[in-house]
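Peer 1: Here's a structure for you.
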Amino acid sequence: MKKERLHALIALLDDPDEAVFEEVEQQLLCEDGRIIQQLEQIWETSLDELIQSRIENLIQQIQFAETRTKILNWGNQKQVDLFEGFFLISQYQYPDLKLKAIKSKIQKISNDVWLEISNKLTSIEKITVLNHIFYDTNKFSVNLNHLDSPQNCYINQLFETKKGNAISVAILYALIARELKFPVEFVNFPKTPLLAYVDPEMAHEVHGRDYKSSILFYINPSNKGAIIGRKEVEFFLNRNEQFGTDDFYEPCEDKFMIKKLLESLIESYESLGYQNKVDDLNRIADFL
């Protein structure tokens with residue numbers, strides 16, 4: 001949009017006629033993120049509180065729309081990037097979030113773990129080192145006091161407060177583990193996600209050739225990375241009368257965990273009465 005045209009439309013943002021304002025708003029919302037810088041410049045020079053308020057709302061809507069499109073494009077890929085999915089969900093609420101800043105924090109933790117491990121360590125010993133750095137040194141944990149808070153779902157808030165929900169903590173744990181080349185995959189376990197350490201050769205060596213799974217052991221990110229075996233998983237499922245399908249034992253797609261994160265976020269906003277966010281996020285979740 002030409003600068004003159006933009007100024008002409010913004011000059012109408014204080015129009016008391018709602019019909020005029022709605023028409024101006026719709027035209028501005030048709031523009032992409034490149035218009036934001038111009039809107040911000042006008043906001044900075046304007047002394048009109050109504051114009052400033054409407055510009056703030058416009059910028060927010062444009063940013064939300066751009067992030068929504070990015071999430072939908074992400075979900076349309078056959079092979080998705082777990083970090084990108086987590087980041088985009090967070091950017092939906094925090095549009096100014098910087099990708100490099102978040103990535104560097106993940107890299108810092110993975111480097112700290114890498115310095116403490118060697119090839120001589122077993123898989124369980126390596127996970128034990130990761131658990132120490134992740135839970136004891138960095139103090140990450142599930143936010144049991146405010147389990148329904150939307151902030152639990154955002155990666156920047158997870159780094160800031162060291163607290164998230166079961167899904168966000170599991171995703172961050174997996175991202176760090178994968179930076180270290182640990183072969184971990186998500187398992188859609190009831191109530192809380194587990195991670196599976198996938199090593200077919202070692203799994204058969206440890207559990208016997210009749211063992212049909214490629215999973216060496218399971219990790220519970222919600223319980224300080226506790227390492228558990230298949231029998232413990234079976235015991236939990238039988239005790240809670242959830243039998244049968246391999247879905248509770250075998251790895252699931254990363255995309256599924258991002259959708260679970262979205263569903264958790266929707267539930268949080270629903271409990272707070274933010275229906276606009278609920279409706280918007282539901283449309284994204286349905287697509288994924």
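Just so we're on the same page: first chain in the structure tokens is A, next is B, and so on; residues restart at 1 for each chain, and ligands are numbered from 1 in the order they show up.
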Which polymer residues have any atom within 10 Å of an atom of Tyr173 in chain A, counting only C-alpha atoms, with same-chain residues fewer than 3 positions away left out, as number ranges by chain?

Peer 2: A: 106, 110, 130-131, 134-135, 140, 167-170, 176-178, 184, 195, 221-222, 225

Peer 1: Name the residues in contact with range 62-77 of chain A at a cut-off of 10 Å, using only C-alpha atoms, excluding same-chain residues fewer than 5 positions from it; report them as number ranges by chain.

Peer 2: A: 28-36, 57, 82, 84-96, 255-256, 258-259, 280-281, 283-285, 287-288

Peer 1: Run DSSP on the backbone and give me the residues of range 11-242 of chain A it puts in helix (DSSP H, G or I), as a ChimeraX atom specification.

Peer 2: /A:18-29,35-45,49-75,82-93,99-114,123-137,150-153,155-161,166-179,200-207,221-223,230-239

Peer 1: Given the choices A:Asp286, A:Asp279, A:Glu22, A:Glu205, which gets closest to Lys260 in chain A if the distance is worked out from only C-alpha atoms?

Peer 2: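 Of A:Asp286, A:Asp279, A:Glu22, A:Glu205, the one nearest Lys260 in chain A is A:Asp286, counting only C-alpha atoms.
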
Peer 1: Just to confirm, what's the straight-line distance from CA of Ile133 in chain A to CA of Glu160 in chain A in Å (one decimal)?

Peer 2: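 That distance, rounded to one decimal, is 16.4 Å.
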
Peer 1: To one decimal place, how far is CA of Val278 in chain A from CA of Ile266 in chain A in Å?

Peer 2: 5.3 Å

Peer 1: What is the distance between CA of Ile59 in chain A and CA of Asn165 in chain A, in Å to one decimal?

Peer 2: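 CA of Asn165 in chain A lies at a distance of 29.5 Å from CA of Ile59 in chain A.
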
Peer 1: Might you pull out every residue within 12 Å of Lys105 in chain A, with only C-alpha atoms counted and same-chain residues fewer than 2 positions away left off, and present them as a list in words?

Peer 2: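 After dropping sequence-adjacent residues, the list is Lys98, Leu99, Lys100, Ala101, Ile102, Lys103, Gln107, Lys108, Ile109, Ser110, Asn111, Asp112, Asn138, Ile155, Asn156, Leu158, Phe159, Glu160, Leu172, Leu175, Ile176 and Glu179 of chain A.
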
Peer 1: Could you give me, as a ChimeraX atom specification, the residues within 12 Å of Arg230 in chain A, counting only C-alpha atoms and dropping anything in the same chain fewer than 2 positions from it?

Peer 2: /A:194,196-197,203,207,211-219,227-228,232-237,246,248-250

Peer 1: What does the file look like for those residues with C-alpha atoms, as a CSV table (one decimal), in the first residue's frame?

Peer 2:
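Heads up, here's the output in part_27.csv:
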```csv
chain,number,residue,atom,x,y,z
A,194,LEU,CA,6.1,-40.0,27.8
A,196,ALA,CA,10.5,-43.4,24.2
A,197,TYR,CA,14.3,-44.0,23.8
A,203,ALA,CA,16.3,-53.1,22.7
A,207,HIS,CA,15.0,-57.5,26.2
A,211,TYR,CA,10.8,-58.4,22.1
A,212,LYS,CA,8.8,-56.8,19.3
A,213,SER,CA,9.3,-53.1,20.1
A,214,SER,CA,12.3,-50.9,19.1
A,215,ILE,CA,11.9,-48.9,22.4
A,216,LEU,CA,14.8,-49.5,24.9
A,217,PHE,CA,13.0,-47.7,27.7
A,218,TYR,CA,10.6,-44.9,28.5
A,219,ILE,CA,11.2,-41.5,30.1
A,227,ILE,CA,13.2,-44.0,33.5
A,228,ILE,CA,10.6,-46.7,33.3
A,232,GLU,CA,5.5,-50.3,34.4
A,233,VAL,CA,3.6,-48.8,31.5
A,234,GLU,CA,1.4,-51.9,31.3
A,235,PHE,CA,0.8,-51.9,35.0
A,236,PHE,CA,-0.4,-48.2,34.9
A,237,LEU,CA,-2.7,-48.9,31.9
A,246,ASP,CA,-0.2,-49.7,20.6
A,248,PHE,CA,-0.1,-46.1,24.4
A,249,TYR,CA,3.2,-47.9,23.9
A,250,GLU,CA,4.7,-46.8,20.5
```

Peer 1: Which residue is closest to Glu125 in chain A? Choose from A:Phe182, A:Asn276, A:Gln41, A:Ser149 and count only C-alpha atoms.

Peer 2: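 Nearest candidate to Glu125 in chain A out of A:Phe182, A:Asn276, A:Gln41, A:Ser149: A:Phe182.
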